[in-house]
>>> print(open('entry_23.txt').read())   # compact mmCIF, N, CA and C atoms
# COMPACT_ATOMS: atom_id res chain seq x y z
N MET A 1 -30.92 12.70 2.29
CA MET A 1 -29.56 12.21 2.11
C MET A 1 -28.81 12.37 3.43
N LYS A 2 -28.03 11.35 3.79
CA LYS A 2 -27.24 11.39 5.01
C LYS A 2 -26.12 12.41 4.91
N GLU A 3 -25.73 12.92 6.06
CA GLU A 3 -24.58 13.83 6.13
C GLU A 3 -23.32 13.06 5.74
N PRO A 4 -22.42 13.71 5.02
CA PRO A 4 -21.16 13.03 4.66
C PRO A 4 -20.31 12.73 5.89
N ILE A 5 -19.51 11.70 5.80
CA ILE A 5 -18.53 11.38 6.84
C ILE A 5 -17.45 12.46 6.74
N LEU A 6 -17.08 13.07 7.85
CA LEU A 6 -16.13 14.18 7.85
C LEU A 6 -14.75 13.68 8.25
N ILE A 7 -13.74 14.01 7.43
CA ILE A 7 -12.34 13.68 7.70
C ILE A 7 -11.60 15.00 7.81
N ASP A 8 -11.09 15.30 8.99
CA ASP A 8 -10.40 16.57 9.21
C ASP A 8 -8.90 16.36 9.13
N ALA A 9 -8.29 16.85 8.07
CA ALA A 9 -6.84 16.73 7.89
C ALA A 9 -6.21 18.11 7.79
N ARG A 10 -6.87 19.10 8.36
CA ARG A 10 -6.31 20.46 8.33
C ARG A 10 -4.98 20.48 9.09
N GLY A 11 -4.02 21.19 8.53
CA GLY A 11 -2.72 21.32 9.16
C GLY A 11 -1.74 20.22 8.79
N HIS A 12 -2.19 19.23 8.04
CA HIS A 12 -1.31 18.13 7.62
C HIS A 12 -0.93 18.31 6.16
N ARG A 13 0.26 17.89 5.83
CA ARG A 13 0.78 17.98 4.47
C ARG A 13 0.63 16.63 3.76
N CYS A 14 0.78 16.67 2.45
CA CYS A 14 0.76 15.49 1.60
C CYS A 14 1.78 14.47 2.14
N PRO A 15 1.43 13.23 2.27
CA PRO A 15 0.24 12.54 1.76
C PRO A 15 -0.84 12.30 2.81
N VAL A 16 -0.71 12.92 4.00
CA VAL A 16 -1.63 12.61 5.11
C VAL A 16 -3.10 12.81 4.75
N PRO A 17 -3.52 13.94 4.14
CA PRO A 17 -4.95 14.07 3.83
C PRO A 17 -5.49 12.92 2.97
N SER A 18 -4.76 12.54 1.93
CA SER A 18 -5.23 11.45 1.07
C SER A 18 -5.21 10.11 1.81
N LEU A 19 -4.21 9.90 2.64
CA LEU A 19 -4.16 8.65 3.42
C LEU A 19 -5.34 8.55 4.37
N ARG A 20 -5.69 9.64 5.02
CA ARG A 20 -6.84 9.63 5.94
C ARG A 20 -8.14 9.39 5.18
N LEU A 21 -8.27 10.03 4.02
CA LEU A 21 -9.48 9.81 3.22
C LEU A 21 -9.54 8.37 2.75
N GLY A 22 -8.43 7.84 2.27
CA GLY A 22 -8.40 6.45 1.81
C GLY A 22 -8.77 5.48 2.92
N LYS A 23 -8.28 5.73 4.12
CA LYS A 23 -8.58 4.86 5.27
C LYS A 23 -10.08 4.92 5.58
N ALA A 24 -10.65 6.12 5.55
CA ALA A 24 -12.08 6.26 5.81
C ALA A 24 -12.92 5.58 4.74
N MET A 25 -12.43 5.59 3.50
CA MET A 25 -13.15 4.94 2.41
C MET A 25 -13.20 3.44 2.59
N GLU A 26 -12.16 2.87 3.20
CA GLU A 26 -12.11 1.42 3.40
C GLU A 26 -13.30 0.91 4.19
N GLY A 27 -13.76 1.69 5.16
CA GLY A 27 -14.88 1.26 6.00
C GLY A 27 -16.22 1.76 5.54
N ALA A 28 -16.25 2.49 4.44
CA ALA A 28 -17.51 3.08 3.96
C ALA A 28 -18.16 2.19 2.90
N ALA A 29 -19.46 2.21 2.88
CA ALA A 29 -20.22 1.44 1.89
C ALA A 29 -20.16 2.13 0.53
N ASN A 30 -20.40 1.38 -0.53
CA ASN A 30 -20.49 1.98 -1.86
C ASN A 30 -21.60 3.03 -1.85
N GLY A 31 -21.32 4.16 -2.46
CA GLY A 31 -22.30 5.24 -2.50
C GLY A 31 -22.23 6.18 -1.32
N ALA A 32 -21.36 5.90 -0.35
CA ALA A 32 -21.22 6.78 0.81
C ALA A 32 -20.53 8.07 0.39
N ARG A 33 -20.88 9.15 1.05
CA ARG A 33 -20.23 10.44 0.80
C ARG A 33 -19.30 10.76 1.96
N LEU A 34 -18.13 11.25 1.60
CA LEU A 34 -17.13 11.65 2.59
C LEU A 34 -16.66 13.05 2.24
N THR A 35 -16.41 13.86 3.25
CA THR A 35 -15.90 15.21 3.03
C THR A 35 -14.58 15.36 3.75
N LEU A 36 -13.57 15.71 2.99
CA LEU A 36 -12.22 15.93 3.51
C LEU A 36 -12.00 17.42 3.69
N LEU A 37 -11.55 17.81 4.89
CA LEU A 37 -11.12 19.18 5.14
C LEU A 37 -9.61 19.18 5.13
N ALA A 38 -9.00 20.01 4.30
CA ALA A 38 -7.55 20.02 4.17
C ALA A 38 -7.05 21.44 3.91
N THR A 39 -5.87 21.72 4.42
CA THR A 39 -5.23 23.02 4.16
C THR A 39 -4.09 22.88 3.16
N ASP A 40 -3.70 21.66 2.84
CA ASP A 40 -2.64 21.42 1.87
C ASP A 40 -3.21 21.53 0.46
N PRO A 41 -2.72 22.48 -0.35
CA PRO A 41 -3.26 22.66 -1.70
C PRO A 41 -3.08 21.42 -2.59
N MET A 42 -2.14 20.54 -2.26
CA MET A 42 -1.95 19.33 -3.06
C MET A 42 -3.15 18.38 -2.99
N ALA A 43 -3.99 18.54 -1.98
CA ALA A 43 -5.18 17.69 -1.87
C ALA A 43 -6.07 17.87 -3.09
N ARG A 44 -6.05 19.05 -3.69
CA ARG A 44 -6.84 19.32 -4.90
C ARG A 44 -6.42 18.40 -6.05
N ILE A 45 -5.17 17.96 -6.05
CA ILE A 45 -4.64 17.05 -7.06
C ILE A 45 -4.70 15.61 -6.59
N ASP A 46 -4.32 15.40 -5.32
CA ASP A 46 -4.22 14.04 -4.79
C ASP A 46 -5.56 13.32 -4.68
N VAL A 47 -6.61 14.02 -4.28
CA VAL A 47 -7.90 13.36 -4.07
C VAL A 47 -8.49 12.85 -5.39
N PRO A 48 -8.53 13.64 -6.45
CA PRO A 48 -9.03 13.07 -7.71
C PRO A 48 -8.22 11.85 -8.17
N TYR A 49 -6.90 11.87 -7.95
CA TYR A 49 -6.07 10.71 -8.29
C TYR A 49 -6.47 9.51 -7.44
N LEU A 50 -6.68 9.73 -6.14
CA LEU A 50 -7.10 8.66 -5.25
C LEU A 50 -8.43 8.06 -5.72
N MET A 51 -9.35 8.90 -6.15
CA MET A 51 -10.65 8.41 -6.62
C MET A 51 -10.48 7.56 -7.88
N SER A 52 -9.57 7.96 -8.75
CA SER A 52 -9.36 7.17 -9.97
C SER A 52 -8.72 5.83 -9.66
N GLU A 53 -7.94 5.77 -8.59
CA GLU A 53 -7.28 4.52 -8.21
C GLU A 53 -8.18 3.60 -7.39
N GLN A 54 -8.98 4.15 -6.50
CA GLN A 54 -9.77 3.33 -5.58
C GLN A 54 -11.22 3.22 -5.98
N GLY A 55 -11.63 3.94 -6.97
CA GLY A 55 -13.04 3.92 -7.36
C GLY A 55 -13.79 4.99 -6.59
N GLY A 56 -14.68 5.64 -7.26
CA GLY A 56 -15.43 6.73 -6.65
C GLY A 56 -15.32 7.97 -7.50
N ARG A 57 -15.92 9.04 -7.02
CA ARG A 57 -15.88 10.27 -7.79
C ARG A 57 -15.83 11.46 -6.87
N VAL A 58 -15.25 12.53 -7.38
CA VAL A 58 -15.22 13.79 -6.66
C VAL A 58 -16.53 14.51 -6.96
N CYS A 59 -17.28 14.84 -5.92
CA CYS A 59 -18.55 15.54 -6.11
C CYS A 59 -18.37 17.04 -6.17
N GLU A 60 -17.49 17.57 -5.29
CA GLU A 60 -17.24 19.00 -5.32
C GLU A 60 -15.96 19.33 -4.57
N ILE A 61 -15.36 20.42 -4.98
CA ILE A 61 -14.19 20.97 -4.30
C ILE A 61 -14.49 22.44 -4.06
N ILE A 62 -14.52 22.82 -2.79
CA ILE A 62 -14.79 24.20 -2.41
C ILE A 62 -13.61 24.69 -1.59
N GLU A 63 -13.12 25.88 -1.90
CA GLU A 63 -12.04 26.46 -1.11
C GLU A 63 -12.52 27.77 -0.52
N ALA A 64 -12.36 27.91 0.79
CA ALA A 64 -12.73 29.14 1.48
C ALA A 64 -11.78 29.34 2.65
N ASP A 65 -11.25 30.53 2.76
CA ASP A 65 -10.36 30.89 3.87
C ASP A 65 -9.19 29.93 4.02
N GLY A 66 -8.65 29.45 2.88
CA GLY A 66 -7.49 28.58 2.90
C GLY A 66 -7.78 27.13 3.25
N ILE A 67 -9.06 26.77 3.34
CA ILE A 67 -9.44 25.39 3.66
C ILE A 67 -10.16 24.78 2.47
N LEU A 68 -9.65 23.65 2.02
CA LEU A 68 -10.32 22.89 0.96
C LEU A 68 -11.35 21.98 1.60
N ARG A 69 -12.53 21.95 1.02
CA ARG A 69 -13.60 21.05 1.45
C ARG A 69 -13.91 20.21 0.22
N ILE A 70 -13.44 18.96 0.24
CA ILE A 70 -13.56 18.08 -0.91
C ILE A 70 -14.52 16.95 -0.57
N THR A 71 -15.63 16.88 -1.29
CA THR A 71 -16.61 15.84 -1.05
C THR A 71 -16.51 14.80 -2.16
N VAL A 72 -16.44 13.54 -1.73
CA VAL A 72 -16.33 12.43 -2.67
C VAL A 72 -17.45 11.43 -2.40
N GLU A 73 -17.70 10.60 -3.38
CA GLU A 73 -18.66 9.51 -3.24
C GLU A 73 -17.95 8.22 -3.60
N THR A 74 -18.05 7.25 -2.72
CA THR A 74 -17.39 5.97 -2.97
C THR A 74 -18.14 5.23 -4.06
N GLY A 75 -17.42 4.37 -4.75
CA GLY A 75 -18.02 3.58 -5.81
C GLY A 75 -17.50 2.17 -5.74
N VAL A 76 -17.79 1.42 -6.72
CA VAL A 76 -17.29 0.05 -6.77
C VAL A 76 -15.80 0.08 -7.05
N ALA A 77 -15.09 -0.89 -6.52
CA ALA A 77 -13.66 -0.97 -6.75
C ALA A 77 -13.38 -1.22 -8.23
N LEU A 78 -12.29 -0.66 -8.70
CA LEU A 78 -11.89 -0.86 -10.09
C LEU A 78 -11.43 -2.30 -10.29
N THR A 79 -11.75 -2.85 -11.43
CA THR A 79 -11.33 -4.21 -11.73
C THR A 79 -10.42 -4.20 -12.95
N ASP A 80 -9.64 -5.25 -13.11
CA ASP A 80 -8.73 -5.34 -14.28
C ASP A 80 -9.51 -5.59 -15.54
>>> encode(input="entry_23.txt", output="C-alpha cells")
Amino acid sequence: MKEPILIDARGHRCPVPSLRLGKAMEGAANGARLTLLATDPMARIDVPYLMSEQGGRVCEIIEADGILRITVETGVALTD
C-alpha cells in the first residue's frame, strides 16, 4: 500500500485544516489515502463532516502530544 499523502496543518485553526484537506482531496484519485496533521481539536469534528459532504471515509484518528493524525480515504463523489 502506498504511503498516504501528508497534509500538515499544525498551528492553524478551523477552518484551515479542513480546507487544506479538501484541496488535497480534489487532486487525489478515488481510493487515495491522505493524512492530516492538525493541532486544532475541531479537526476531530470537521474532518468526518467533510468526508460526509465530499465522499470518502475516516480510517483513523490518533491523538498524541496534542497533534491529531487523521487518515482518510477518498471515495466517489456523493450524488443526488
>>> residues_around(input="entry_23.txt", residues="A:Lys2", least_positions_apart="2", cutoff="8 Å", atoms="only N, CA and C atoms", output="number ranges by chain")
A: 4-5, 33
>>> write_last_selection(input="entry_23.txt", atoms="N, CA and C atoms", output="PDB file, keeping the file's coordinate frame")
ATOM      1  N   PRO A   4     -22.420  13.710   5.020  1.00  0.00           N
ATOM      2  CA  PRO A   4     -21.160  13.030   4.660  1.00  0.00           C
ATOM      3  C   PRO A   4     -20.310  12.730   5.890  1.00  0.00           C
ATOM      4  N   ILE A   5     -19.510  11.700   5.800  1.00  0.00           N
ATOM      5  CA  ILE A   5     -18.530  11.380   6.840  1.00  0.00           C
ATOM      6  C   ILE A   5     -17.450  12.460   6.740  1.00  0.00           C
ATOM      7  N   ARG A  33     -20.880   9.150   1.050  1.00  0.00           N
ATOM      8  CA  ARG A  33     -20.230  10.440   0.800  1.00  0.00           C
ATOM      9  C   ARG A  33     -19.300  10.760   1.960  1.00  0.00           C
TER      10      ARG A  33
END
>>> atom_distance(input="entry_23.txt", atom1="atom CA of A:Val72", atom2="atom C of A:Arg13")
18.6 Å
>>> atom_distance(input="entry_23.txt", atom1="atom CA of A:Arg57", atom2="atom CA of A:Met25")
11.8 Å
>>> select_by_dssp(input="entry_23.txt", residues="chain A", states="strand (DSSP E)", output="PyMOL selection string")
chain A and resi 5-9+33-38+57-64+67-73
>>> atom_distance(input="entry_23.txt", atom1="atom C of A:Arg69", atom2="atom C of A:Gly27")
19.3 Å
>>> residues_near_point(input="entry_23.txt", point="(-3.8, 22.8, 0.5)", cutoff="9 Å", atoms="only C-alpha atoms", output="compact mmCIF listing (two decimals) with N, CA and C atoms, in the coordinates of the input")
# COMPACT_ATOMS: atom_id res chain seq x y z
N ARG A 10 -6.87 19.10 8.36
CA ARG A 10 -6.31 20.46 8.33
C ARG A 10 -4.98 20.48 9.09
N GLY A 11 -4.02 21.19 8.53
CA GLY A 11 -2.72 21.32 9.16
C GLY A 11 -1.74 20.22 8.79
N HIS A 12 -2.19 19.23 8.04
CA HIS A 12 -1.31 18.13 7.62
C HIS A 12 -0.93 18.31 6.16
N ARG A 13 0.26 17.89 5.83
CA ARG A 13 0.78 17.98 4.47
C ARG A 13 0.63 16.63 3.76
N CYS A 14 0.78 16.67 2.45
CA CYS A 14 0.76 15.49 1.60
C CYS A 14 1.78 14.47 2.14
N ALA A 38 -9.00 20.01 4.30
CA ALA A 38 -7.55 20.02 4.17
C ALA A 38 -7.05 21.44 3.91
N THR A 39 -5.87 21.72 4.42
CA THR A 39 -5.23 23.02 4.16
C THR A 39 -4.09 22.88 3.16
N ASP A 40 -3.70 21.66 2.84
CA ASP A 40 -2.64 21.42 1.87
C ASP A 40 -3.21 21.53 0.46
N PRO A 41 -2.72 22.48 -0.35
CA PRO A 41 -3.26 22.66 -1.70
C PRO A 41 -3.08 21.42 -2.59
N MET A 42 -2.14 20.54 -2.26
CA MET A 42 -1.95 19.33 -3.06
C MET A 42 -3.15 18.38 -2.99
N ALA A 43 -3.99 18.54 -1.98
CA ALA A 43 -5.18 17.69 -1.87
C ALA A 43 -6.07 17.87 -3.09
N ARG A 44 -6.05 19.05 -3.69
CA ARG A 44 -6.84 19.32 -4.90
C ARG A 44 -6.42 18.40 -6.05
N GLY A 66 -8.65 29.45 2.88
CA GLY A 66 -7.49 28.58 2.90
C GLY A 66 -7.78 27.13 3.25
N ILE A 67 -9.06 26.77 3.34
CA ILE A 67 -9.44 25.39 3.66
C ILE A 67 -10.16 24.78 2.47
N LEU A 68 -9.65 23.65 2.02
CA LEU A 68 -10.32 22.89 0.96
C LEU A 68 -11.35 21.98 1.60
>>> closest_residue(input="entry_23.txt", among="A:Leu37, A:Glu73, A:Ala32, A:Leu6", to="A:Met51", atoms="only C-alpha atoms")
A:Glu73
>>> select_by_dssp(input="entry_23.txt", residues="chain A", states="helix (DSSP H, G or I)", output="list in words")
Val16, Pro17, Ser18, Leu19, Arg20, Leu21, Gly22, Lys23, Ala24, Met25, Glu26, Ala43, Arg44, Ile45, Asp46, Val47, Pro48, Tyr49, Leu50, Met51, Ser52, Glu53 and Gln54 of chain A
>>> residues_near_point(input="entry_23.txt", point="(-13.8, 12.1, 6.3)", cutoff="6 Å", atoms="only N, CA and C atoms", output="list in words")
Ile5, Leu6, Ile7, Asp8, Leu21, Leu34, Thr35 and Leu36 of chain A
>>> write_last_selection(input="entry_23.txt", atoms="N, CA and C atoms", output="compact mmCIF listing (two decimals), keeping the file's coordinate frame")
# COMPACT_ATOMS: atom_id res chain seq x y z
N ILE A 5 -19.51 11.70 5.80
CA ILE A 5 -18.53 11.38 6.84
C ILE A 5 -17.45 12.46 6.74
N LEU A 6 -17.08 13.07 7.85
CA LEU A 6 -16.13 14.18 7.85
C LEU A 6 -14.75 13.68 8.25
N ILE A 7 -13.74 14.01 7.43
CA ILE A 7 -12.34 13.68 7.70
C ILE A 7 -11.60 15.00 7.81
N ASP A 8 -11.09 15.30 8.99
CA ASP A 8 -10.40 16.57 9.21
C ASP A 8 -8.90 16.36 9.13
N LEU A 21 -8.27 10.03 4.02
CA LEU A 21 -9.48 9.81 3.22
C LEU A 21 -9.54 8.37 2.75
N LEU A 34 -18.13 11.25 1.60
CA LEU A 34 -17.13 11.65 2.59
C LEU A 34 -16.66 13.05 2.24
N THR A 35 -16.41 13.86 3.25
CA THR A 35 -15.90 15.21 3.03
C THR A 35 -14.58 15.36 3.75
N LEU A 36 -13.57 15.71 2.99
CA LEU A 36 -12.22 15.93 3.51
C LEU A 36 -12.00 17.42 3.69
